[in-house]
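This is final.txt (compact mmCIF, C-alpha atoms).
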# COMPACT_ATOMS: atom_id res chain seq x y z
CA MET A 1273 159.62 0.46 -70.62
CA SER A 1274 158.63 4.09 -71.41
CA GLU A 1275 159.22 6.23 -74.47
CA GLU A 1276 159.40 10.12 -74.67
CA LYS A 1277 157.68 11.82 -77.61
CA LYS A 1278 157.29 15.53 -78.48
CA GLU A 1279 154.15 16.55 -80.28
CA GLY A 1280 152.75 20.12 -80.61
CA GLY A 1281 155.03 21.52 -77.88
CA ARG A 1282 153.92 18.90 -75.42
CA THR A 1283 155.92 16.08 -74.21
CA GLN A 1284 154.08 12.81 -73.98
CA PHE A 1285 155.12 9.60 -72.39
CA SER A 1286 153.86 6.26 -73.44
CA MET A 1287 154.40 3.00 -71.62
CA SER A 1288 154.12 -0.41 -73.13
CA LEU A 1289 152.95 -3.04 -70.68
CA PRO A 1290 153.49 -6.73 -71.07
CA ARG A 1291 150.38 -8.50 -72.28
CA LEU A 1292 148.71 -10.57 -69.66
CA ASP A 1293 146.68 -13.60 -70.67
CA VAL A 1294 143.90 -13.55 -68.04
CA ARG A 1295 141.09 -16.04 -68.40
CA ILE A 1296 138.17 -16.44 -66.00
CA ARG A 1297 137.46 -20.09 -65.48
CA PRO A 1298 134.04 -21.30 -64.33
CA PRO A 1299 133.97 -23.13 -60.99
CA GLN A 1300 134.69 -26.80 -61.28
CA VAL A 1301 131.53 -28.88 -60.82
CA GLU A 1302 132.03 -32.59 -60.47
CA PRO A 1303 129.61 -34.75 -62.44
CA PRO A 1304 127.07 -36.53 -60.26
CA ASP A 1305 128.13 -39.91 -59.01
CA PRO A 1306 125.82 -42.37 -60.81
CA VAL A 1307 125.83 -44.69 -57.79
CA SER A 1308 124.93 -41.89 -55.39
CA ALA A 1309 122.21 -40.62 -57.72
CA ALA A 1310 120.67 -44.07 -57.91
CA GLU A 1311 120.87 -44.41 -54.14
CA GLU A 1312 119.20 -41.02 -53.70
CA ALA A 1313 116.40 -42.00 -56.05
CA ARG A 1314 115.90 -45.22 -54.13
CA ARG A 1315 115.62 -43.32 -50.84
CA ARG A 1316 113.12 -40.82 -52.22
CA PRO A 1317 109.61 -41.37 -50.78
CA ARG A 1318 107.41 -43.36 -53.12
CA PRO A 1319 103.66 -43.19 -53.56
CA PRO A 1320 101.71 -46.13 -52.14
CA GLU A 1321 101.26 -49.12 -54.38
CA ARG A 1322 97.70 -50.01 -55.39
CA CYS A 1323 97.41 -53.78 -55.33
CA PHE A 1324 95.88 -56.75 -53.50
CA PHE A 1325 92.18 -57.17 -52.74
CA TRP A 1326 90.15 -57.11 -49.49
CA THR A 1327 87.04 -59.29 -49.02
CA GLU A 1328 84.98 -59.44 -45.83
CA TYR A 1329 83.08 -62.49 -44.58
CA PRO A 1330 80.94 -61.06 -41.75
CA GLU A 1331 78.80 -64.20 -41.33
CA SER A 1332 81.64 -66.70 -41.36
CA GLY A 1333 80.71 -68.30 -38.04
CA PHE A 1334 83.82 -67.09 -36.23
CA PRO A 1335 83.21 -66.27 -32.53
CA SER A 1336 84.17 -62.90 -31.09
CA ARG A 1337 87.75 -63.42 -30.07
CA VAL A 1338 90.88 -61.49 -29.00
CA ASN A 1339 94.50 -62.56 -28.45
CA HIS A 1340 93.95 -65.97 -30.03
CA SER A 1341 96.49 -67.70 -32.26
CA THR A 1342 95.98 -69.20 -35.73
CA ALA A 1343 97.90 -71.69 -37.85
CA VAL A 1344 97.50 -73.68 -41.06
CA ALA A 1345 97.74 -77.48 -40.94
CA ARG A 1346 96.92 -80.31 -43.32
CA ASN A 1347 94.24 -82.77 -42.22
CA GLY A 1348 95.37 -86.31 -43.01
CA LYS A 1349 91.80 -87.54 -43.55
CA ASP A 1350 91.11 -85.55 -46.71
CA GLY A 1351 94.57 -84.09 -47.44
CA LYS A 1352 93.23 -80.51 -47.35
CA CYS A 1353 94.72 -77.56 -45.49
CA TYR A 1354 92.57 -75.78 -42.92
CA VAL A 1355 93.00 -72.68 -40.77
CA TYR A 1356 92.82 -73.35 -37.03
CA SER A 1357 92.18 -70.73 -34.36
CA ILE A 1358 93.13 -71.74 -30.83
CA GLY A 1359 92.24 -70.05 -27.55
CA GLY A 1360 91.93 -66.33 -26.89
CA PHE A 1361 89.20 -64.60 -24.91
CA HIS A 1362 86.12 -62.44 -25.38
CA ALA A 1363 84.03 -60.00 -23.37
CA SER A 1364 80.83 -58.41 -24.65
CA ASP A 1365 80.46 -54.64 -24.91
CA GLU A 1366 78.02 -54.78 -21.99
CA GLU A 1367 80.56 -56.61 -19.82
CA LYS A 1368 83.25 -54.08 -20.69
CA GLU A 1369 80.87 -51.22 -19.89
CA ARG A 1370 80.14 -52.80 -16.50
CA ARG A 1371 83.85 -53.23 -15.80
CA ALA A 1372 84.51 -49.61 -16.80
CA LYS A 1373 81.88 -48.40 -14.32
CA ALA A 1374 83.21 -50.54 -11.46
CA GLU A 1375 86.54 -49.48 -10.01
CA ASN A 1376 87.45 -52.85 -8.49
CA ASP A 1377 86.10 -55.43 -10.92
CA PRO A 1378 88.99 -57.19 -12.69
CA SER A 1379 86.68 -59.89 -14.17
CA PRO A 1380 89.47 -62.48 -14.34
CA PHE A 1381 89.97 -64.78 -17.28
CA ASN A 1382 89.79 -68.08 -15.42
CA THR A 1383 91.10 -71.52 -16.32
CA GLY A 1384 89.17 -74.14 -18.27
CA PRO A 1385 89.67 -76.24 -21.44
CA ILE A 1386 91.01 -74.35 -24.42
CA ASP A 1387 88.78 -74.33 -27.53
CA ILE A 1388 89.62 -74.74 -31.22
CA HIS A 1389 87.83 -73.48 -34.33
CA CYS A 1390 88.53 -74.57 -37.90
CA MET A 1391 88.00 -72.65 -41.18
CA ASP A 1392 87.55 -74.20 -44.61
CA VAL A 1393 89.79 -72.12 -46.91
CA GLU A 1394 87.41 -72.65 -49.85
CA THR A 1395 84.16 -71.55 -48.18
CA HIS A 1396 85.67 -69.34 -45.45
CA LYS A 1397 83.27 -70.90 -42.96
CA TRP A 1398 84.27 -71.66 -39.37
CA ALA A 1399 83.20 -74.58 -37.16
CA LYS A 1400 84.12 -75.60 -33.63
CA VAL A 1401 86.38 -78.64 -33.37
CA ASP A 1402 85.25 -81.51 -31.15
CA VAL A 1403 88.36 -82.71 -29.33
CA ILE A 1404 88.78 -86.43 -28.58
CA ARG A 1405 90.01 -86.88 -25.02
CA ARG A 1406 90.32 -90.65 -24.77
CA THR A 1407 91.40 -93.50 -27.03
CA LYS A 1408 91.79 -97.27 -26.67
CA ASN A 1409 94.80 -97.23 -28.96
CA LYS A 1410 97.77 -97.37 -26.59
CA ASP A 1411 100.18 -96.50 -29.39
CA ILE A 1412 98.80 -92.96 -29.57
CA PRO A 1413 100.52 -90.69 -26.99
CA ILE A 1414 97.32 -88.84 -26.11
CA ARG A 1415 97.76 -86.05 -23.61
CA GLY A 1416 94.85 -86.98 -21.40
CA GLY A 1417 92.64 -83.94 -21.05
CA VAL A 1418 92.80 -80.60 -22.79
CA PRO A 1419 95.33 -77.80 -22.13
CA PRO A 1420 94.02 -74.85 -20.08
CA ARG A 1421 92.56 -71.96 -22.02
CA ARG A 1422 94.82 -68.97 -22.49
CA TYR A 1423 95.63 -65.82 -24.43
CA GLY A 1424 98.90 -64.31 -25.66
CA HIS A 1425 100.16 -67.73 -26.77
CA ALA A 1426 101.70 -68.61 -30.16
CA CYS A 1427 101.04 -71.49 -32.57
CA VAL A 1428 102.66 -72.82 -35.75
CA GLY A 1429 101.52 -75.55 -38.12
CA TYR A 1430 103.73 -78.45 -39.22
CA LYS A 1431 102.28 -81.24 -41.40
CA ASP A 1432 99.12 -82.36 -39.56
CA LYS A 1433 100.24 -80.98 -36.20
CA ILE A 1434 99.89 -77.61 -34.47
CA PHE A 1435 102.50 -76.75 -31.85
CA MET A 1436 101.49 -74.24 -29.16
CA TYR A 1437 103.71 -72.56 -26.59
CA GLY A 1438 103.13 -70.15 -23.72
CA GLY A 1439 100.21 -67.83 -23.06
CA ARG A 1440 98.48 -67.13 -19.77
CA ASN A 1441 95.24 -66.94 -17.84
CA ASP A 1442 94.44 -65.33 -14.50
CA ASP A 1443 94.30 -68.58 -12.55
CA ASP A 1444 97.38 -70.40 -13.83
CA GLY A 1445 99.60 -67.46 -14.79
CA SER A 1446 101.83 -68.00 -17.82
CA PHE A 1447 102.75 -71.38 -19.29
CA ARG A 1448 106.04 -73.00 -20.36
CA VAL A 1449 104.92 -76.42 -21.66
CA MET A 1450 105.01 -77.18 -25.38
CA GLU A 1451 101.61 -78.53 -26.46
CA CYS A 1452 100.81 -80.40 -29.69
CA PHE A 1453 97.41 -80.82 -31.39
CA ASP A 1454 96.95 -83.58 -33.97
CA VAL A 1455 94.40 -82.23 -36.47
CA THR A 1456 93.92 -85.60 -38.20
CA ARG A 1457 93.02 -87.42 -34.97
CA SER A 1458 91.48 -84.29 -33.40
CA MET A 1459 93.30 -84.85 -30.12
CA TRP A 1460 96.00 -83.25 -27.99
CA LEU A 1461 99.18 -85.33 -27.84
CA LYS A 1462 101.65 -85.67 -25.03
CA ILE A 1463 105.18 -84.71 -26.00
CA HIS A 1464 108.35 -84.53 -23.93
CA ALA A 1465 110.43 -81.53 -24.92
CA THR A 1466 114.11 -81.34 -23.93
CA ALA A 1467 116.86 -78.75 -24.33
CA GLU A 1468 120.31 -79.23 -25.82
CA GLY A 1469 123.11 -77.12 -24.35
CA CYS A 1470 120.70 -74.69 -22.67
CA ALA A 1471 117.82 -74.43 -20.24
CA LEU A 1472 114.22 -74.85 -21.35
CA PRO A 1473 112.49 -71.58 -22.28
CA ARG A 1474 110.88 -69.78 -19.37
CA SER A 1475 107.14 -69.22 -19.10
CA ARG A 1476 105.87 -66.26 -21.11
CA ASP A 1477 103.07 -64.64 -23.07
CA GLY A 1478 103.07 -62.07 -25.85
CA HIS A 1479 105.99 -63.85 -27.54
CA ALA A 1480 106.36 -64.35 -31.30
CA CYS A 1481 106.86 -67.57 -33.26
CA THR A 1482 107.66 -68.36 -36.87
CA VAL A 1483 108.37 -71.58 -38.74
CA LYS A 1484 110.72 -72.86 -41.42
CA GLY A 1485 110.43 -76.53 -42.31
CA ASN A 1486 110.53 -78.56 -39.11
CA ILE A 1487 112.00 -75.71 -37.00
CA MET A 1488 109.90 -73.32 -34.94
CA TYR A 1489 111.63 -70.11 -33.84
CA LEU A 1490 110.46 -68.42 -30.63
CA HIS A 1491 111.43 -64.89 -29.60
CA GLY A 1492 110.74 -62.59 -26.68
CA GLY A 1493 107.60 -62.26 -24.59
CA PHE A 1494 106.78 -61.30 -21.00
CA ASP A 1495 107.11 -63.48 -17.92
CA THR A 1496 104.27 -62.50 -15.58
CA GLY A 1497 105.77 -64.55 -12.74
CA SER A 1498 108.97 -62.52 -12.48
CA LEU A 1499 107.63 -59.41 -14.29
CA VAL A 1500 110.41 -59.25 -16.87
CA PHE A 1501 110.52 -58.89 -20.64
CA THR A 1502 112.50 -61.51 -22.53
CA GLY A 1503 114.61 -61.18 -25.66
CA ASP A 1504 115.94 -64.69 -26.16
CA LEU A 1505 115.68 -66.53 -29.48
CA TYR A 1506 115.07 -70.30 -29.40
CA ALA A 1507 114.84 -72.92 -32.14
CA PHE A 1508 112.56 -75.93 -31.54
CA ASP A 1509 112.85 -79.07 -33.67
CA MET A 1510 109.29 -80.33 -34.15
CA ASP A 1511 110.51 -83.81 -35.08
CA SER A 1512 112.94 -84.44 -32.21
CA HIS A 1513 111.24 -82.04 -29.75
CA ILE A 1514 114.59 -80.46 -28.79
CA TRP A 1515 115.06 -76.79 -27.86
CA THR A 1516 118.24 -74.88 -28.81
CA LEU A 1517 119.12 -71.37 -27.64
CA LEU A 1518 120.62 -69.21 -30.40
CA PRO A 1519 123.48 -66.87 -29.36
CA PRO A 1520 122.57 -63.14 -29.14
CA ASN A 1521 125.61 -61.77 -31.00
CA GLY A 1522 125.76 -58.54 -33.00
CA ASP A 1523 123.44 -55.57 -32.45
CA ARG A 1524 121.22 -55.72 -29.39
CA CYS A 1525 117.58 -56.56 -30.05
CA PRO A 1526 115.77 -55.09 -27.01
CA GLU A 1527 113.44 -57.29 -24.96
CA ARG A 1528 109.77 -56.96 -25.93
CA ASP A 1529 106.33 -58.55 -26.15
CA PHE A 1530 103.41 -58.51 -28.60
CA HIS A 1531 105.76 -58.12 -31.56
CA THR A 1532 106.14 -60.28 -34.67
CA ALA A 1533 108.97 -62.56 -35.76
CA THR A 1534 108.96 -63.82 -39.36
CA HIS A 1535 111.33 -66.18 -41.17
CA VAL A 1536 112.52 -65.12 -44.63
CA GLU A 1537 115.53 -66.54 -46.47
CA ARG A 1538 117.74 -67.61 -43.54
CA LYS A 1539 116.70 -64.66 -41.38
CA VAL A 1540 114.28 -64.16 -38.50
CA ILE A 1541 113.01 -60.60 -38.68
CA VAL A 1542 111.54 -58.93 -35.60
CA PHE A 1543 109.39 -55.81 -35.81
CA GLY A 1544 107.30 -53.80 -33.37
CA GLY A 1545 106.14 -54.79 -29.94
CA ARG A 1546 106.19 -53.16 -26.54
CA SER A 1547 109.23 -52.72 -24.32
CA ASP A 1548 110.00 -50.69 -21.20
CA ILE A 1549 112.38 -47.84 -20.43
CA ILE A 1550 114.14 -50.10 -17.91
CA ALA A 1551 113.75 -53.36 -19.89
CA PRO A 1552 114.12 -56.22 -19.21
CA ASP A 1553 112.48 -55.06 -15.97
CA PHE A 1554 108.91 -53.79 -15.94
CA SER A 1555 107.97 -50.28 -14.76
CA ASN A 1556 104.72 -49.79 -16.74
CA GLN A 1557 106.47 -47.10 -18.82
CA ASP A 1558 106.09 -48.43 -22.36
CA ILE A 1559 108.36 -47.62 -25.26
CA PHE A 1560 107.82 -48.51 -28.92
CA ASP A 1561 110.44 -49.10 -31.59
CA THR A 1562 110.26 -48.55 -35.36
CA ALA A 1563 113.45 -50.45 -36.22
CA PHE A 1564 113.62 -53.85 -37.90
CA TYR A 1565 115.91 -56.45 -36.33
CA GLU A 1566 117.28 -59.21 -38.53
CA TYR A 1567 118.78 -62.34 -37.01
CA LEU A 1568 121.14 -63.92 -39.54
CA LEU A 1569 120.81 -67.66 -38.95
CA ASP A 1570 124.03 -68.56 -40.79
CA GLU A 1571 126.09 -66.03 -38.78
CA PHE A 1572 124.25 -66.24 -35.44
CA ARG A 1573 124.01 -62.49 -34.98
CA TRP A 1574 121.50 -59.62 -34.91
CA VAL A 1575 121.59 -56.72 -37.36
CA LYS A 1576 119.56 -53.58 -36.62
CA VAL A 1577 117.93 -51.77 -39.53
CA ALA A 1578 117.12 -48.49 -37.81
CA LYS A 1579 115.47 -46.78 -40.76
CA PRO A 1580 114.78 -48.71 -43.97
CA ASP A 1581 114.33 -46.87 -47.23
CA GLY A 1582 110.86 -45.92 -48.45
CA TYR A 1583 107.71 -45.82 -46.35
CA GLN A 1584 108.25 -45.26 -42.63
CA PRO A 1585 105.66 -47.25 -40.64
CA HIS A 1586 104.52 -46.11 -37.21
CA ALA A 1587 105.70 -47.96 -34.12
CA ARG A 1588 103.11 -50.52 -32.98
CA ARG A 1589 102.37 -53.73 -31.14
CA SER A 1590 99.77 -56.52 -31.47
CA HIS A 1591 99.94 -56.35 -35.27
CA CYS A 1592 100.09 -59.06 -37.97
CA ALA A 1593 103.00 -60.19 -40.13
CA VAL A 1594 103.26 -62.95 -42.75
CA ARG A 1595 105.86 -63.94 -45.30
CA CYS A 1596 104.74 -63.02 -48.82
CA GLY A 1597 107.79 -63.80 -50.93
CA VAL A 1598 111.36 -65.03 -50.70
CA HIS A 1599 112.57 -61.82 -49.02
CA LYS A 1600 109.33 -59.98 -48.21
CA ILE A 1601 107.04 -59.65 -45.19
CA LEU A 1602 103.53 -58.18 -45.26
CA PHE A 1603 102.30 -56.28 -42.17
CA PHE A 1604 98.82 -55.21 -41.10
CA GLY A 1605 97.27 -53.21 -38.26
CA GLY A 1606 98.33 -52.98 -34.65
CA TYR A 1607 98.25 -50.45 -31.83
CA ASN A 1608 100.52 -47.79 -30.34
CA GLY A 1609 99.96 -47.36 -26.60
CA GLY A 1610 101.87 -44.07 -26.56
CA ASN A 1611 99.36 -42.15 -28.69
CA LYS A 1612 96.46 -44.63 -28.21
CA ARG A 1613 96.20 -45.17 -31.96
CA HIS A 1614 94.95 -48.28 -33.75
CA PHE A 1615 96.04 -49.04 -37.33
CA ASN A 1616 94.66 -50.80 -40.40
CA ASP A 1617 97.46 -49.96 -42.83
CA VAL A 1618 99.25 -52.50 -45.01
CA PHE A 1619 102.95 -52.36 -45.85
CA ILE A 1620 105.68 -54.69 -47.07
CA TYR A 1621 109.26 -54.92 -45.84
CA ASP A 1622 111.79 -56.14 -48.42
CA SER A 1623 114.66 -57.61 -46.40
CA LEU A 1624 116.93 -57.98 -49.43
CA ASN A 1625 116.88 -54.25 -50.28
CA ARG A 1626 115.81 -53.09 -46.79
CA LEU A 1627 112.98 -51.17 -48.39
CA THR A 1628 109.47 -50.62 -47.00
CA THR A 1629 106.50 -49.99 -49.29
CA GLU A 1630 103.02 -48.84 -48.32
CA ILE A 1631 100.19 -50.80 -49.94
CA ILE A 1632 96.61 -49.59 -50.54
CA PRO A 1633 94.54 -52.64 -51.48
CA PHE A 1634 91.30 -52.58 -53.42
CA GLY A 1635 88.09 -53.17 -51.49
CA ILE A 1636 86.92 -52.08 -48.05
CA PRO A 1637 89.62 -52.71 -45.41
CA PRO A 1638 89.05 -53.99 -41.88
CA SER A 1639 88.52 -51.38 -39.20
CA PRO A 1640 91.69 -50.36 -37.33
CA ARG A 1641 92.36 -53.15 -34.85
CA ARG A 1642 94.83 -55.15 -32.82
CA ARG A 1643 95.20 -58.68 -31.42
CA CYS A 1644 93.54 -60.44 -34.35
CA GLY A 1645 94.35 -63.95 -35.51
CA TYR A 1646 96.22 -64.20 -38.80
CA CYS A 1647 97.96 -66.59 -41.17
CA ILE A 1648 98.64 -66.95 -44.88
CA THR A 1649 97.61 -69.78 -47.19
CA ASN A 1650 97.17 -70.00 -50.96
CA ASN A 1651 98.39 -66.40 -51.37
CA GLU A 1652 95.62 -65.19 -49.05
CA LEU A 1653 96.14 -63.38 -45.77
CA ILE A 1654 93.42 -64.56 -43.37
CA LEU A 1655 92.41 -62.19 -40.55
CA CYS A 1656 89.89 -63.16 -37.88
CA GLY A 1657 88.60 -61.31 -34.84
CA GLY A 1658 90.61 -58.73 -32.95
CA THR A 1659 89.49 -55.64 -31.08
CA SER A 1660 88.85 -51.97 -31.96
CA PRO A 1661 87.82 -48.87 -30.00
CA THR A 1662 84.13 -47.94 -30.15
CA GLU A 1663 81.98 -45.29 -28.48
CA ARG A 1664 79.33 -46.14 -25.90
CA VAL A 1665 77.18 -43.69 -23.95
CA TYR A 1666 76.54 -44.25 -20.26
CA ASP A 1667 76.24 -41.92 -17.28
CA GLY A 1668 75.32 -39.26 -19.80
CA LYS A 1669 78.81 -39.25 -21.31
CA LYS A 1670 80.62 -40.81 -24.27
CA HIS A 1671 83.20 -43.45 -23.42
CA LEU A 1672 85.62 -45.45 -25.56
CA ILE A 1673 85.64 -49.20 -25.00
CA LEU A 1674 87.22 -52.00 -27.00
CA HIS A 1675 84.79 -53.95 -29.18
CA ASP A 1676 85.74 -57.57 -29.93
CA HIS A 1677 85.17 -58.64 -33.54
CA SER A 1678 83.70 -61.84 -34.95
CA ASP A 1679 84.41 -61.10 -38.62
CA THR A 1680 86.80 -62.69 -41.09
CA PHE A 1681 88.73 -60.76 -43.74
CA VAL A 1682 90.75 -62.13 -46.64
CA LEU A 1683 93.46 -60.13 -48.40
CA SER A 1684 94.10 -61.74 -51.79
CA LEU A 1685 97.71 -61.18 -52.82
CA LEU A 1686 97.00 -62.55 -56.32
CA PRO A 1687 93.46 -61.34 -57.12
CA THR A 1688 91.51 -63.38 -59.64
CA LEU A 1689 90.10 -61.91 -62.85
CA GLN A 1690 86.64 -62.20 -61.30
CA GLN A 1691 87.72 -60.16 -58.26
CA LEU A 1692 89.25 -57.46 -60.44
CA CYS A 1693 86.09 -57.26 -62.54
CA MET A 1694 83.96 -56.99 -59.40
CA MET A 1695 86.14 -54.12 -58.23
CA VAL A 1696 85.49 -52.27 -61.49
CA VAL A 1697 81.75 -52.83 -61.04
CA LYS A 1698 81.94 -51.37 -57.53
CA GLU A 1699 84.12 -48.38 -58.38
CA LEU A 1700 82.11 -47.42 -61.48
CA HIS A 1701 78.74 -48.11 -59.78
CA LEU A 1702 77.65 -50.37 -62.61
CA SER A 1703 74.32 -52.19 -62.56
CA THR A 1704 74.42 -55.71 -61.11
CA ALA A 1705 70.90 -56.69 -62.22
CA GLY A 1706 72.11 -59.15 -64.85
CA LEU A 1707 74.78 -60.83 -62.74
CA PRO A 1708 74.40 -64.29 -61.15
CA ILE A 1709 73.15 -64.36 -57.57
CA HIS A 1710 76.42 -65.68 -56.11
CA ILE A 1711 78.36 -62.84 -57.78
CA ARG A 1712 75.94 -60.27 -56.36
CA GLN A 1713 76.40 -61.81 -52.93
CA GLU A 1714 80.18 -61.60 -53.21
CA LEU A 1715 79.91 -57.96 -54.33
CA GLN A 1716 78.31 -57.20 -50.97
CA ASN A 1717 81.46 -58.39 -49.20
CA ILE A 1718 83.87 -55.98 -50.92

Show me the file's structure as structure tokens.
Amino acid sequence: MSEEKKEGGRTQFSMSLPRLDVRIRPPQVEPPDPVSAAEEARRRPRPPERCFFWTEYPESGFPSRVNHSTAVARNGKDGKCYVYSIGGFHASDEEKERRAKAENDPSPFNTGPIDIHCMDVETHKWAKVDVIRRTKNKDIPIRGGVPPRRYGHACVGYKDKIFMYGGRNDDDGSFRVMECFDVTRSMWLKIHATAEGCALPRSRDGHACTVKGNIMYLHGGFDTGSLVFTGDLYAFDMDSHIWTLLPPNGDRCPERDFHTATHVERKVIVFGGRSDIIAPDFSNQDIFDTAFYEYLLDEFRWVKVAKPDGYQPHARRSHCAVRCGVHKILFFGGYNGGNKRHFNDVFIYDSLNRLTTEIIPFGIPPSPRRRCGYCITNNELILCGGTSPTERVYDGKKHLILHDHSDTFVLSLLPTLQQLCMMVVKELHLSTAGLPIHIRQELQNI
């Protein structure tokens, strides 16, 4: 509405406009979802944890050895647990240099009786086991002879027995007979394994085994006879000697060899290993996988964990894995054939939270290596042997060959007060002049 006004001979118009109530509102920002924020914090990369404790025993009496298998069993004579290393092979650096120079020198790993070495967990000293081959007691089902030597086999301990399956040598190929060693009697026993509702497992090497109670689980491997990778999962009852094939439902766990399979809380968890681009067939075109595969024993199905939270470990094969808690698995070392890299890292996979954590232990770690023997007892990870790349000069040039180790390392998951004090002495370079001789000797091993 307008109004006309006269003022000083001029006519003016004024207009009254309706009052507008205009308010500028800030953009609406939703408050952060507390669940999402917590999830984001959980996924954020974490610094490595500083824990555990490495100790080396270089003069432990262990022979240079690669691709052997170790297990813990209780000797019925004294009731003590011992670590047993069975089989494997070894070639000196000079032999490997000679083979590298010769184009057509395969130097086969021939047949012969398999050997056994035993370690006292208190002294960390190894000794060769004398195997009894005959007995007058007809009630003992002695095997009669000793199984052929081999590599790439797998062993588990159960009471005072060690069960061994598979492996190969260049004369006999790969094996498919379940063998049993009685550590109390120090003799190989004859057992008759049968299968219930399935065929017996095929021959293989590079497979993985784990144990829960009286059940041994066997997964994967490579059959050198038919040149195929396997991905089957079997359960073997070590009391009844019956095999059962578990159904491969759920996500596909690709066929592989030289991986690990570890039992934790009603799961068998597979990690690492080598497969092929046309697996299960073999084309010599390796592929490596970083995923974790969990077989849920109560649901009979696989679940793939493509990328767990936290630390992302490199793909690898020929590594070590042991259970270190209700839901946790500790991993060490290994090798990636794609980039020719060996590892000596330590990490833990938490299957409950699907979280991986890098660990940096105290002490001097083993050199990067693969194919070492390993087991866990009394909260100690025992590592023995294995192989690592080393330089040798011949023909006027530097060459990398694999050096086979004869050392023993112990990773203490619950370090003692003495070990922690020794670590302080080492890190602060304190004088050891007033310490007992045995303490000074142990300080040289860390």

### Message
I need the residue nearest Gly1635 (chain A) from this list: A:His1535, A:Lys1397, A:His1710, A:Lys1698. Use all atoms listed in the file for the distance.
### Response
A:Lys1698

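With CA of Thr1327 (chain A) on one side and CA of Val1682 (chain A) on the other, the separation reads 5.2 Å.
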
### Message
Please return as a ChimeraX atom specification every residue within 7 Å of (84.3, -65.0, -39.8), taking into account all atoms listed in the file and the file's own coordinates.
### Response
/A:1329-1334,1397-1398,1656,1678-1680

#### Entry: Point-to-point distance in Å for CA of Tyr1423 (chain A) and CA of Asp1402 (chain A)
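Answer for the CA of Asp1402 (chain A) to CA of Tyr1423 (chain A) separation: 20.0 Å.
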
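Among the candidates A:Thr1496, A:Ser1364, A:Thr1534, A:Thr1662, the residue lying nearest to His1614 (chain A) is A:Thr1662 (atoms considered: all atoms listed in the file).
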
### Task
For a cut-off of 10 Å around (82.4, -49.6, -26.6), file coordinates, pick out all residues using all atoms listed in the file and list them as a ChimeraX atom specification.
/A:1364-1369,1660-1665,1670-1676

### Query
CA of Gly1582 (chain A) and CA of Thr1532 (chain A) are how many Å apart?
20.5 Å

### Message
Just checking: using all atoms listed in the file, which residue out of A:Ser1703, A:Thr1383, A:Gln1691, A:Thr1502 ends up closest to Pro1552 (chain A)?
### Response
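Smallest separation from Pro1552 (chain A) among the options: A:Thr1502.
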
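Using all atoms listed in the file, the nearest neighbour of Ala1578 (chain A) within the list A:His1479, A:Lys1462, A:Arg1474, A:Arg1626 is A:Arg1626.
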
### Message
Could you check the closest approach to Thr1659 (chain A) for each of A:Pro1473, A:Arg1546, A:Phe1453, A:His1340 and tell me which residue wins, using only C-alpha atoms?
### Response
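For Thr1659 (chain A), the nearest of the candidates is A:His1340.
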
#### Entry: Among the residues A:Arg1588, A:Leu1715, A:Ser1623, A:Leu1707, the one that comes closest to Met1694 (chain A) [using only C-alpha atoms]
A:Leu1715

Let me have the centre and edge lengths of the axis-aligned box enclosing all listed atoms of region 1647-1650 of chain A with 5 Å padding on every side, in Å to one decimal, as lines of an AutoDock Vina configuration file.
center_x = 97.9
center_y = -68.3
center_z = -46.1
size_x = 11.5
size_y = 13.4
size_z = 19.8

### Query
Which polymer residues have any atom within 8 Å of an atom of Met1391 (chain A), counting all atoms listed in the file, with same-chain residues fewer than 2 positions away left out, as a list in words?
Tyr1354, Val1355, Tyr1356, His1389, Val1393, His1396, Lys1397, Trp1398 and Ala1399 of chain A

#### Entry: Contacts of Gly1606 (chain A) at 9 Å (all atoms listed in the file; same-chain gap of 4+ positions) as a ChimeraX atom specification
/A:1587-1592,1613-1617,1640-1644

Serialized selection, C-alpha atoms, as a PDB file, in the frame of the given file:
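Generated file (again03.pdb):
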ATOM      1  CA  ALA A1587     105.700 -47.960 -34.120  1.00  0.00           C
ATOM      2  CA  ARG A1588     103.110 -50.520 -32.980  1.00  0.00           C
ATOM      3  CA  ARG A1589     102.370 -53.730 -31.140  1.00  0.00           C
ATOM      4  CA  SER A1590      99.770 -56.520 -31.470  1.00  0.00           C
ATOM      5  CA  HIS A1591      99.940 -56.350 -35.270  1.00  0.00           C
ATOM      6  CA  CYS A1592     100.090 -59.060 -37.970  1.00  0.00           C
ATOM      7  CA  ARG A1613      96.200 -45.170 -31.960  1.00  0.00           C
ATOM      8  CA  HIS A1614      94.950 -48.280 -33.750  1.00  0.00           C
ATOM      9  CA  PHE A1615      96.040 -49.040 -37.330  1.00  0.00           C
ATOM     10  CA  ASN A1616      94.660 -50.800 -40.400  1.00  0.00           C
ATOM     11  CA  ASP A1617      97.460 -49.960 -42.830  1.00  0.00           C
ATOM     12  CA  PRO A1640      91.690 -50.360 -37.330  1.00  0.00           C
ATOM     13  CA  ARG A1641      92.360 -53.150 -34.850  1.00  0.00           C
ATOM     14  CA  ARG A1642      94.830 -55.150 -32.820  1.00  0.00           C
ATOM     15  CA  ARG A1643      95.200 -58.680 -31.420  1.00  0.00           C
ATOM     16  CA  CYS A1644      93.540 -60.440 -34.350  1.00  0.00           C
TER      17      CYS A1644
END

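Within the 9 Å cut-off around Pro1319 (chain A), using only C-alpha atoms and omitting residues fewer than 4 positions from it on the same chain, the listed residues are Tyr1583, Thr1629 and Glu1630 of chain A.
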
Generate the output file for the selected residues, C-alpha atoms, as a short mmCIF file (atom, residue, chain, number, x, y, z; two decimals), in the coordinates of the input.
data_model
loop_
_atom_site.label_atom_id
_atom_site.label_comp_id
_atom_site.auth_asym_id
_atom_site.auth_seq_id
_atom_site.Cartn_x
_atom_site.Cartn_y
_atom_site.Cartn_z
CA TYR A 1583 107.71 -45.82 -46.35
CA THR A 1629 106.50 -49.99 -49.29
CA GLU A 1630 103.02 -48.84 -48.32
#
